[in-house]
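Beneath this line is the structure, given in structure tokens, with notes to follow.
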Amino acid sequence: MTSILVVCTGNICRSPIAEGLLRAALARRLGSDAPDVSSAGTAGWEGSAAMPESVEAARERGVEIERHVARRLEASHVDAADLIVTMASEHRDAITAWMPEVADRVFTLKELVRLVESMAPPTAAPDLATRVAAAAARRREGFTGNPLDDDVADPLGMPLDSYRAIAWELDEWTERLAEGLAGPVPVPAQREEA
């Protein structure tokens with residue numbers, strides 16, 4: 001099974017929300033064939049729950065992350081992932097400096113969305129590895145998108161409304177990513193009336 005790893009700093013605010021939203025967006029498109037989605041933090045608060053504000057903001061967007069348990073990013077997590085989606089360029093840069101061999105699988109969320117949206121839409125039978133390789137090739141060709149807007153702000157220490165704003169932003173970007181990787185949500189077949 002293919003897998004996607006979402007990375008932020010502490011794995012208690014942004015990445016748990018993004019993990020839940022991306023998992024749901026991919027499941028709507030691919031059902032049981034959706035990739036496994038997990039998360040970790042470059043300075044993960046190992047064993048901590050998601051911040052209560054993250055749990056509430058995610059719930060308001062339709063996903064439950066109450067059972068989330070933070071973990072520190074390890075090389076085995078990166079090796080096992082077919083795609084690593086980071087919340088900020090600092091996370092992408094730290095991972096590629098640490099493990100340069102995975103550079104073609106590591107993108108910020110916004111960077112990857114812009115890359116996949118600049119390519120032809122996915123085929124009827126989307127292949128994550130093919131889409132990721134094409135995005136990496138496009139990046140190497142010099143596609144920059146909007147490098148001044150690659151990061152999702154960290155709401156740690158902010159009020160609930162800041163978490164809500166981040167969850168809204170992540171909902172928009174994860175939906176766009178899911179569509180760019182897997183295509184639109186399928187339209188249910190209509191029953192013929194007798």
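Residues in the structure tokens are named by chain (A, B, ... in the order shown) and by number from 1 within that chain; ligands are numbered from 1 in the order shown.
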
Next item on the list: Per DSSP on the backbone, filter segment 24-96 of chain A down to the residues in strand (DSSP E) and report them as a list in words.
Entry: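 These are the residues in question: Asp36, Val37, Ser38, Ser39, Ala40, Gly41, Leu83, Ile84, Val85 and Thr86 of chain A.
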
Got time to write the residues from that selection, all heavy atoms, as an mmCIF file, in the first residue's frame?
data_model
loop_
_atom_site.group_PDB
_atom_site.id
_atom_site.type_symbol
_atom_site.label_atom_id
_atom_site.label_comp_id
_atom_site.auth_asym_id
_atom_site.auth_seq_id
_atom_site.Cartn_x
_atom_site.Cartn_y
_atom_site.Cartn_z
ATOM 1 N N ASP A 36 -2.330 5.199 2.812
ATOM 2 C CA ASP A 36 -2.266 5.390 4.248
ATOM 3 C C ASP A 36 -1.692 6.785 4.495
ATOM 4 O O ASP A 36 -0.731 7.188 3.831
ATOM 5 C CB ASP A 36 -1.359 4.317 4.867
ATOM 6 C CG ASP A 36 -1.228 4.476 6.361
ATOM 7 O OD1 ASP A 36 -2.270 4.560 7.025
ATOM 8 O OD2 ASP A 36 -0.087 4.520 6.853
ATOM 9 N N VAL A 37 -2.275 7.549 5.414
ATOM 10 C CA VAL A 37 -1.786 8.889 5.741
ATOM 11 C C VAL A 37 -1.437 8.909 7.223
ATOM 12 O O VAL A 37 -2.247 8.529 8.070
ATOM 13 C CB VAL A 37 -2.840 9.975 5.423
ATOM 14 C CG1 VAL A 37 -2.274 11.365 5.727
ATOM 15 C CG2 VAL A 37 -3.292 9.902 3.967
ATOM 16 N N SER A 38 -0.219 9.326 7.537
ATOM 17 C CA SER A 38 0.225 9.439 8.920
ATOM 18 C C SER A 38 0.954 10.776 9.077
ATOM 19 O O SER A 38 1.112 11.514 8.106
ATOM 20 C CB SER A 38 1.143 8.272 9.294
ATOM 21 O OG SER A 38 2.309 8.302 8.494
ATOM 22 N N SER A 39 1.407 11.071 10.292
ATOM 23 C CA SER A 39 2.115 12.327 10.499
ATOM 24 C C SER A 39 3.195 12.163 11.565
ATOM 25 O O SER A 39 3.196 11.206 12.335
ATOM 26 C CB SER A 39 1.141 13.443 10.904
ATOM 27 O OG SER A 39 0.517 13.151 12.143
ATOM 28 N N ALA A 40 4.104 13.139 11.579
ATOM 29 C CA ALA A 40 5.195 13.177 12.556
ATOM 30 C C ALA A 40 5.689 14.617 12.629
ATOM 31 O O ALA A 40 5.310 15.453 11.812
ATOM 32 C CB ALA A 40 6.325 12.236 12.147
ATOM 33 N N GLY A 41 6.557 14.892 13.597
ATOM 34 C CA GLY A 41 7.094 16.235 13.763
ATOM 35 C C GLY A 41 8.604 16.231 13.825
ATOM 36 O O GLY A 41 9.199 15.327 14.421
ATOM 37 N N LEU A 83 5.403 9.636 -0.250
ATOM 38 C CA LEU A 83 5.294 11.087 -0.377
ATOM 39 C C LEU A 83 5.368 11.688 1.011
ATOM 40 O O LEU A 83 4.712 11.202 1.938
ATOM 41 C CB LEU A 83 3.952 11.447 -1.039
ATOM 42 C CG LEU A 83 3.546 12.917 -1.068
ATOM 43 C CD1 LEU A 83 4.552 13.760 -1.842
ATOM 44 C CD2 LEU A 83 2.147 13.067 -1.661
ATOM 45 N N ILE A 84 6.173 12.748 1.145
ATOM 46 C CA ILE A 84 6.271 13.473 2.407
ATOM 47 C C ILE A 84 5.778 14.898 2.136
ATOM 48 O O ILE A 84 6.324 15.599 1.273
ATOM 49 C CB ILE A 84 7.708 13.496 2.970
ATOM 50 C CG1 ILE A 84 8.201 12.069 3.213
ATOM 51 C CG2 ILE A 84 7.771 14.282 4.273
ATOM 52 C CD1 ILE A 84 9.152 11.573 2.190
ATOM 53 N N VAL A 85 4.732 15.306 2.841
ATOM 54 C CA VAL A 85 4.116 16.615 2.677
ATOM 55 C C VAL A 85 4.375 17.411 3.950
ATOM 56 O O VAL A 85 3.944 17.002 5.026
ATOM 57 C CB VAL A 85 2.596 16.488 2.427
ATOM 58 C CG1 VAL A 85 1.957 17.859 2.308
ATOM 59 C CG2 VAL A 85 2.319 15.648 1.191
ATOM 60 N N THR A 86 5.069 18.528 3.808
ATOM 61 C CA THR A 86 5.414 19.319 4.988
ATOM 62 C C THR A 86 4.555 20.571 5.090
ATOM 63 O O THR A 86 4.021 21.058 4.091
ATOM 64 C CB THR A 86 6.904 19.717 4.976
ATOM 65 O OG1 THR A 86 7.146 20.669 3.923
ATOM 66 C CG2 THR A 86 7.802 18.504 4.788
#

Item checked: Test item: residues at most 9 Å from Arg29 of chain A, only C-alpha atoms, excluding those fewer than 3 positions along its chain, as an MDAnalysis selection string -> chainID A and resid 24:26 33:34 178:179 182:186

Dump of all heavy atoms for the selected residues, as a PDB file, in the first residue's frame:
ATOM      1  N   ALA A  24      -9.311  11.923   4.746  1.00  0.00           N
ATOM      2  CA  ALA A  24     -10.728  11.977   4.370  1.00  0.00           C
ATOM      3  C   ALA A  24     -10.903  12.350   2.904  1.00  0.00           C
ATOM      4  O   ALA A  24     -11.729  11.751   2.194  1.00  0.00           O
ATOM      5  CB  ALA A  24     -11.464  12.971   5.270  1.00  0.00           C
ATOM      6  N   ALA A  25     -10.127  13.318   2.425  1.00  0.00           N
ATOM      7  CA  ALA A  25     -10.238  13.752   1.027  1.00  0.00           C
ATOM      8  C   ALA A  25      -9.854  12.633   0.064  1.00  0.00           C
ATOM      9  O   ALA A  25     -10.499  12.441  -0.970  1.00  0.00           O
ATOM     10  CB  ALA A  25      -9.362  14.982   0.790  1.00  0.00           C
ATOM     11  N   LEU A  26      -8.816  11.885   0.397  1.00  0.00           N
ATOM     12  CA  LEU A  26      -8.405  10.770  -0.465  1.00  0.00           C
ATOM     13  C   LEU A  26      -9.400   9.617  -0.397  1.00  0.00           C
ATOM     14  O   LEU A  26      -9.696   8.977  -1.412  1.00  0.00           O
ATOM     15  CB  LEU A  26      -6.995  10.302  -0.090  1.00  0.00           C
ATOM     16  CG  LEU A  26      -5.877  11.275  -0.472  1.00  0.00           C
ATOM     17  CD1 LEU A  26      -4.578  10.893   0.219  1.00  0.00           C
ATOM     18  CD2 LEU A  26      -5.695  11.329  -1.991  1.00  0.00           C
ATOM     19  N   ASP A  33      -8.897   2.028  -1.521  1.00  0.00           N
ATOM     20  CA  ASP A  33      -7.611   2.093  -2.218  1.00  0.00           C
ATOM     21  C   ASP A  33      -6.814   3.346  -1.871  1.00  0.00           C
ATOM     22  O   ASP A  33      -5.723   3.548  -2.404  1.00  0.00           O
ATOM     23  CB  ASP A  33      -7.831   2.048  -3.735  1.00  0.00           C
ATOM     24  CG  ASP A  33      -8.367   0.705  -4.195  1.00  0.00           C
ATOM     25  OD1 ASP A  33      -8.067  -0.319  -3.544  1.00  0.00           O
ATOM     26  OD2 ASP A  33      -9.104   0.684  -5.204  1.00  0.00           O
ATOM     27  N   ALA A  34      -7.345   4.180  -0.985  1.00  0.00           N
ATOM     28  CA  ALA A  34      -6.648   5.414  -0.614  1.00  0.00           C
ATOM     29  C   ALA A  34      -5.336   5.088   0.091  1.00  0.00           C
ATOM     30  O   ALA A  34      -5.248   4.111   0.840  1.00  0.00           O
ATOM     31  CB  ALA A  34      -7.535   6.256   0.298  1.00  0.00           C
ATOM     32  N   ALA A 178      -5.640  16.366  -2.913  1.00  0.00           N
ATOM     33  CA  ALA A 178      -6.296  15.090  -3.213  1.00  0.00           C
ATOM     34  C   ALA A 178      -6.802  15.076  -4.651  1.00  0.00           C
ATOM     35  O   ALA A 178      -6.654  14.070  -5.362  1.00  0.00           O
ATOM     36  CB  ALA A 178      -7.443  14.844  -2.236  1.00  0.00           C
ATOM     37  N   GLU A 179      -7.366  16.180  -5.099  1.00  0.00           N
ATOM     38  CA  GLU A 179      -7.834  16.238  -6.485  1.00  0.00           C
ATOM     39  C   GLU A 179      -6.664  16.170  -7.460  1.00  0.00           C
ATOM     40  O   GLU A 179      -6.737  15.504  -8.490  1.00  0.00           O
ATOM     41  CB  GLU A 179      -8.661  17.502  -6.731  1.00  0.00           C
ATOM     42  CG  GLU A 179      -9.206  17.539  -8.148  1.00  0.00           C
ATOM     43  CD  GLU A 179     -10.524  18.277  -8.271  1.00  0.00           C
ATOM     44  OE1 GLU A 179     -11.185  18.522  -7.264  1.00  0.00           O
ATOM     45  OE2 GLU A 179     -10.870  18.585  -9.419  1.00  0.00           O
ATOM     46  N   ALA A 182      -5.451  12.403  -7.159  1.00  0.00           N
ATOM     47  CA  ALA A 182      -6.386  11.309  -7.427  1.00  0.00           C
ATOM     48  C   ALA A 182      -7.570  11.689  -8.304  1.00  0.00           C
ATOM     49  O   ALA A 182      -8.381  10.832  -8.636  1.00  0.00           O
ATOM     50  CB  ALA A 182      -6.905  10.754  -6.095  1.00  0.00           C
ATOM     51  N   GLY A 183      -7.698  12.960  -8.663  1.00  0.00           N
ATOM     52  CA  GLY A 183      -8.828  13.379  -9.479  1.00  0.00           C
ATOM     53  C   GLY A 183     -10.010  13.808  -8.627  1.00  0.00           C
ATOM     54  O   GLY A 183      -9.946  13.805  -7.402  1.00  0.00           O
ATOM     55  N   PRO A 184     -11.109  14.169  -9.278  1.00  0.00           N
ATOM     56  CA  PRO A 184     -12.281  14.644  -8.535  1.00  0.00           C
ATOM     57  C   PRO A 184     -12.987  13.519  -7.785  1.00  0.00           C
ATOM     58  O   PRO A 184     -12.768  12.336  -8.057  1.00  0.00           O
ATOM     59  CB  PRO A 184     -13.184  15.214  -9.640  1.00  0.00           C
ATOM     60  CG  PRO A 184     -12.766  14.499 -10.876  1.00  0.00           C
ATOM     61  CD  PRO A 184     -11.302  14.185 -10.724  1.00  0.00           C
ATOM     62  N   VAL A 185     -13.838  13.911  -6.858  1.00  0.00           N
ATOM     63  CA  VAL A 185     -14.653  12.944  -6.143  1.00  0.00           C
ATOM     64  C   VAL A 185     -15.604  12.312  -7.159  1.00  0.00           C
ATOM     65  O   VAL A 185     -16.266  13.026  -7.917  1.00  0.00           O
ATOM     66  CB  VAL A 185     -15.450  13.623  -5.007  1.00  0.00           C
ATOM     67  CG1 VAL A 185     -16.403  12.636  -4.340  1.00  0.00           C
ATOM     68  CG2 VAL A 185     -14.511  14.246  -3.991  1.00  0.00           C
ATOM     69  N   PRO A 186     -15.670  10.972  -7.221  1.00  0.00           N
ATOM     70  CA  PRO A 186     -16.555  10.340  -8.196  1.00  0.00           C
ATOM     71  C   PRO A 186     -18.020  10.671  -7.941  1.00  0.00           C
ATOM     72  O   PRO A 186     -18.451  10.794  -6.790  1.00  0.00           O
ATOM     73  CB  PRO A 186     -16.314   8.829  -7.984  1.00  0.00           C
ATOM     74  CG  PRO A 186     -15.123   8.719  -7.125  1.00  0.00           C
ATOM     75  CD  PRO A 186     -14.931  10.026  -6.423  1.00  0.00           C
TER      76      PRO A 186
END

Write out as a compact mmCIF listing (two decimals) with N, CA and C atoms, in the first residue's frame all residues of segment 27-182 of chain A that backbone DSSP assigns to helix (DSSP H, G or I).
# COMPACT_ATOMS: atom_id res chain seq x y z
N ALA A 27 -9.95 9.36 0.79
CA ALA A 27 -10.94 8.28 0.93
C ALA A 27 -12.19 8.58 0.12
N ARG A 28 -12.59 9.85 0.04
CA ARG A 28 -13.76 10.20 -0.79
C ARG A 28 -13.52 9.89 -2.25
N ARG A 29 -12.28 9.94 -2.68
CA ARG A 29 -11.95 9.72 -4.08
C ARG A 29 -11.59 8.26 -4.37
N LEU A 30 -10.90 7.62 -3.44
CA LEU A 30 -10.33 6.30 -3.72
C LEU A 30 -10.89 5.18 -2.85
N GLY A 31 -11.71 5.51 -1.88
CA GLY A 31 -12.28 4.48 -1.01
C GLY A 31 -11.19 3.68 -0.31
N SER A 32 -11.33 2.38 -0.32
CA SER A 32 -10.37 1.52 0.38
C SER A 32 -9.00 1.48 -0.31
N ASP A 33 -8.90 2.03 -1.52
CA ASP A 33 -7.61 2.09 -2.22
C ASP A 33 -6.81 3.35 -1.87
N PRO A 52 -5.89 20.63 22.16
CA PRO A 52 -7.36 20.65 22.20
C PRO A 52 -7.96 21.56 21.12
N GLU A 53 -7.29 22.68 20.85
CA GLU A 53 -7.77 23.59 19.80
C GLU A 53 -7.69 22.94 18.42
N SER A 54 -6.66 22.11 18.19
CA SER A 54 -6.56 21.39 16.91
C SER A 54 -7.69 20.37 16.79
N VAL A 55 -7.95 19.68 17.88
CA VAL A 55 -9.03 18.68 17.89
C VAL A 55 -10.36 19.35 17.56
N GLU A 56 -10.64 20.48 18.22
CA GLU A 56 -11.90 21.20 18.00
C GLU A 56 -11.98 21.74 16.57
N ALA A 57 -10.91 22.36 16.10
CA ALA A 57 -10.92 22.93 14.75
C ALA A 57 -11.07 21.84 13.69
N ALA A 58 -10.43 20.71 13.88
CA ALA A 58 -10.56 19.59 12.94
C ALA A 58 -11.99 19.04 12.97
N ARG A 59 -12.54 18.89 14.16
CA ARG A 59 -13.92 18.39 14.30
C ARG A 59 -14.89 19.30 13.55
N GLU A 60 -14.68 20.60 13.66
CA GLU A 60 -15.55 21.55 12.96
C GLU A 60 -15.44 21.42 11.45
N ALA A 75 14.00 8.40 10.62
CA ALA A 75 14.38 8.01 9.26
C ALA A 75 13.47 6.91 8.73
N SER A 76 13.04 6.00 9.58
CA SER A 76 12.17 4.91 9.13
C SER A 76 10.83 5.44 8.63
N HIS A 77 10.32 6.52 9.22
CA HIS A 77 9.06 7.12 8.74
C HIS A 77 9.24 7.68 7.33
N VAL A 78 10.36 8.36 7.13
CA VAL A 78 10.65 8.96 5.83
C VAL A 78 10.87 7.88 4.79
N ASP A 79 11.66 6.86 5.13
CA ASP A 79 11.92 5.76 4.19
C ASP A 79 10.65 5.06 3.76
N ALA A 80 9.71 4.90 4.67
CA ALA A 80 8.48 4.15 4.38
C ALA A 80 7.47 4.94 3.56
N SER A 89 8.41 25.26 4.53
CA SER A 89 9.65 25.01 3.79
C SER A 89 10.78 24.61 4.74
N GLU A 90 10.76 25.09 5.99
CA GLU A 90 11.81 24.70 6.95
C GLU A 90 11.79 23.19 7.18
N HIS A 91 10.61 22.57 7.20
CA HIS A 91 10.51 21.12 7.39
C HIS A 91 11.01 20.38 6.16
N ARG A 92 10.60 20.84 4.97
CA ARG A 92 11.08 20.24 3.72
C ARG A 92 12.60 20.32 3.65
N ASP A 93 13.13 21.49 3.94
CA ASP A 93 14.58 21.70 3.84
C ASP A 93 15.34 20.85 4.87
N ALA A 94 14.79 20.73 6.08
CA ALA A 94 15.45 19.91 7.11
C ALA A 94 15.48 18.44 6.69
N ILE A 95 14.39 17.95 6.13
CA ILE A 95 14.35 16.54 5.72
C ILE A 95 15.30 16.29 4.56
N THR A 96 15.32 17.18 3.58
CA THR A 96 16.21 16.95 2.42
C THR A 96 17.68 17.13 2.79
N ALA A 97 17.99 17.97 3.78
CA ALA A 97 19.37 18.08 4.24
C ALA A 97 19.79 16.83 5.00
N TRP A 98 18.87 16.27 5.76
CA TRP A 98 19.11 15.07 6.57
C TRP A 98 19.18 13.82 5.70
N PRO A 100 19.14 13.42 1.78
CA PRO A 100 19.04 13.98 0.44
C PRO A 100 18.48 13.01 -0.61
N GLU A 101 18.59 11.73 -0.34
CA GLU A 101 18.10 10.74 -1.31
C GLU A 101 16.58 10.74 -1.46
N VAL A 102 15.87 11.39 -0.55
CA VAL A 102 14.40 11.43 -0.64
C VAL A 102 13.89 12.77 -1.15
N ALA A 103 14.77 13.64 -1.62
CA ALA A 103 14.38 14.99 -2.02
C ALA A 103 13.23 15.02 -3.02
N ASP A 104 13.17 14.04 -3.92
CA ASP A 104 12.11 14.03 -4.93
C ASP A 104 10.76 13.57 -4.38
N ARG A 105 10.71 13.23 -3.10
CA ARG A 105 9.44 12.83 -2.48
C ARG A 105 8.99 13.80 -1.40
N LEU A 109 3.12 21.41 1.37
CA LEU A 109 1.76 21.17 0.90
C LEU A 109 1.41 22.11 -0.25
N LYS A 110 1.65 23.39 -0.07
CA LYS A 110 1.27 24.36 -1.09
C LYS A 110 2.11 24.20 -2.35
N GLU A 111 3.38 23.92 -2.20
CA GLU A 111 4.25 23.70 -3.35
C GLU A 111 3.74 22.52 -4.18
N LEU A 112 3.42 21.42 -3.52
CA LEU A 112 2.96 20.24 -4.24
C LEU A 112 1.63 20.50 -4.92
N VAL A 113 0.72 21.19 -4.26
CA VAL A 113 -0.56 21.51 -4.89
C VAL A 113 -0.33 22.31 -6.17
N ARG A 114 0.50 23.31 -6.09
CA ARG A 114 0.76 24.13 -7.29
C ARG A 114 1.40 23.31 -8.40
N LEU A 115 2.28 22.41 -8.02
CA LEU A 115 2.93 21.55 -9.02
C LEU A 115 1.91 20.62 -9.70
N VAL A 116 1.10 19.91 -8.91
CA VAL A 116 0.15 18.97 -9.53
C VAL A 116 -0.93 19.70 -10.30
N GLU A 117 -1.30 20.90 -9.86
CA GLU A 117 -2.30 21.66 -10.61
C GLU A 117 -1.74 22.22 -11.91
N LEU A 128 0.01 7.19 -7.39
CA LEU A 128 0.67 8.19 -6.56
C LEU A 128 2.14 8.35 -6.93
N ALA A 129 2.85 7.27 -7.10
CA ALA A 129 4.28 7.35 -7.40
C ALA A 129 4.53 8.10 -8.71
N THR A 130 3.69 7.87 -9.71
CA THR A 130 3.84 8.54 -11.00
C THR A 130 3.58 10.03 -10.86
N ARG A 131 2.52 10.40 -10.10
CA ARG A 131 2.20 11.81 -9.90
C ARG A 131 3.30 12.53 -9.13
N VAL A 132 3.84 11.86 -8.10
CA VAL A 132 4.92 12.46 -7.30
C VAL A 132 6.17 12.63 -8.15
N ALA A 133 6.52 11.62 -8.95
CA ALA A 133 7.70 11.72 -9.82
C ALA A 133 7.54 12.85 -10.84
N ALA A 134 6.34 12.99 -11.39
CA ALA A 134 6.09 14.06 -12.35
C ALA A 134 6.19 15.43 -11.68
N ALA A 135 5.70 15.55 -10.46
CA ALA A 135 5.80 16.81 -9.72
C ALA A 135 7.26 17.15 -9.43
N ALA A 136 8.04 16.14 -9.05
CA ALA A 136 9.46 16.36 -8.78
C ALA A 136 10.19 16.80 -10.05
N ALA A 137 9.85 16.18 -11.17
CA ALA A 137 10.48 16.56 -12.45
C ALA A 137 10.11 17.99 -12.81
N ARG A 138 8.86 18.34 -12.60
CA ARG A 138 8.41 19.71 -12.90
C ARG A 138 9.15 20.72 -12.02
N ARG A 139 9.36 20.37 -10.77
CA ARG A 139 10.09 21.26 -9.85
C ARG A 139 11.54 21.42 -10.33
N ARG A 140 12.16 20.31 -10.74
CA ARG A 140 13.55 20.38 -11.24
C ARG A 140 13.66 21.22 -12.50
N PRO A 147 6.82 30.75 -4.22
CA PRO A 147 7.68 30.39 -3.09
C PRO A 147 7.54 31.31 -1.88
N LEU A 148 6.91 32.46 -2.04
CA LEU A 148 6.71 33.36 -0.90
C LEU A 148 5.48 32.95 -0.08
N ASP A 149 4.73 31.96 -0.57
CA ASP A 149 3.55 31.48 0.15
C ASP A 149 3.57 29.96 0.19
N LEU A 160 -8.28 29.79 19.83
CA LEU A 160 -9.01 28.82 19.01
C LEU A 160 -9.29 29.35 17.61
N ASP A 161 -9.63 30.62 17.48
CA ASP A 161 -9.93 31.16 16.15
C ASP A 161 -8.74 31.04 15.20
N SER A 162 -7.53 31.10 15.70
CA SER A 162 -6.34 30.90 14.86
C SER A 162 -6.27 29.46 14.37
N TYR A 163 -6.58 28.52 15.23
CA TYR A 163 -6.62 27.11 14.83
C TYR A 163 -7.71 26.88 13.79
N ARG A 164 -8.85 27.54 13.99
CA ARG A 164 -9.93 27.42 13.00
C ARG A 164 -9.48 27.94 11.64
N ALA A 165 -8.78 29.06 11.63
CA ALA A 165 -8.29 29.61 10.37
C ALA A 165 -7.30 28.66 9.70
N ILE A 166 -6.42 28.06 10.48
CA ILE A 166 -5.45 27.11 9.94
C ILE A 166 -6.17 25.86 9.43
N ALA A 167 -7.17 25.37 10.17
CA ALA A 167 -7.92 24.20 9.72
C ALA A 167 -8.65 24.49 8.42
N TRP A 168 -9.22 25.68 8.30
CA TRP A 168 -9.89 26.06 7.05
C TRP A 168 -8.89 26.06 5.90
N GLU A 169 -7.72 26.68 6.14
CA GLU A 169 -6.68 26.73 5.11
C GLU A 169 -6.24 25.31 4.73
N LEU A 170 -6.01 24.48 5.72
CA LEU A 170 -5.58 23.10 5.45
C LEU A 170 -6.66 22.31 4.71
N ASP A 171 -7.92 22.55 5.05
CA ASP A 171 -9.02 21.88 4.35
C ASP A 171 -8.99 22.22 2.87
N GLU A 172 -8.84 23.49 2.56
CA GLU A 172 -8.79 23.92 1.16
C GLU A 172 -7.61 23.29 0.42
N TRP A 173 -6.43 23.34 1.02
CA TRP A 173 -5.23 22.85 0.35
C TRP A 173 -5.19 21.32 0.26
N THR A 174 -5.69 20.62 1.28
CA THR A 174 -5.68 19.15 1.20
C THR A 174 -6.70 18.66 0.18
N GLU A 175 -7.83 19.36 0.05
CA GLU A 175 -8.80 19.00 -1.00
C GLU A 175 -8.17 19.17 -2.37
N ARG A 176 -7.49 20.28 -2.57
CA ARG A 176 -6.82 20.53 -3.85
C ARG A 176 -5.74 19.48 -4.11
N LEU A 177 -5.01 19.11 -3.06
CA LEU A 177 -3.97 18.09 -3.23
C LEU A 177 -4.60 16.75 -3.61
N ALA A 178 -5.64 16.37 -2.91
CA ALA A 178 -6.30 15.09 -3.21
C ALA A 178 -6.80 15.08 -4.65
N GLU A 179 -7.37 16.18 -5.10
CA GLU A 179 -7.83 16.24 -6.48
C GLU A 179 -6.66 16.17 -7.46
N GLY A 180 -5.57 16.84 -7.14
CA GLY A 180 -4.40 16.82 -8.02
C GLY A 180 -3.73 15.46 -8.08
N LEU A 181 -3.83 14.70 -7.00
CA LEU A 181 -3.22 13.36 -6.97
C LEU A 181 -4.17 12.28 -7.48
N ALA A 182 -5.45 12.40 -7.16
CA ALA A 182 -6.39 11.31 -7.43
C ALA A 182 -7.57 11.69 -8.30

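Checking A:Glu141, A:Asp151, A:Asp127, A:Glu66 one by one against Ile12 of chain A, counting only C-alpha atoms, you find the shortest gap at A:Glu66.
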
Counting only C-alpha atoms, what are the residues of segment 60-120 of chain A within 8 Å of segment 17-21 of chain A, and for each of them which pair of atoms is the nearest and at what distance in Å, to one decimal? Sort the table by chain and rising number, as CSV.
residue,atom,partner,partner_atom,distance
A:Val63,CA,A:Gly20,CA,5.9
A:Glu64,CA,A:Gly20,CA,7.0
A:Ile65,CA,A:Gly20,CA,6.6
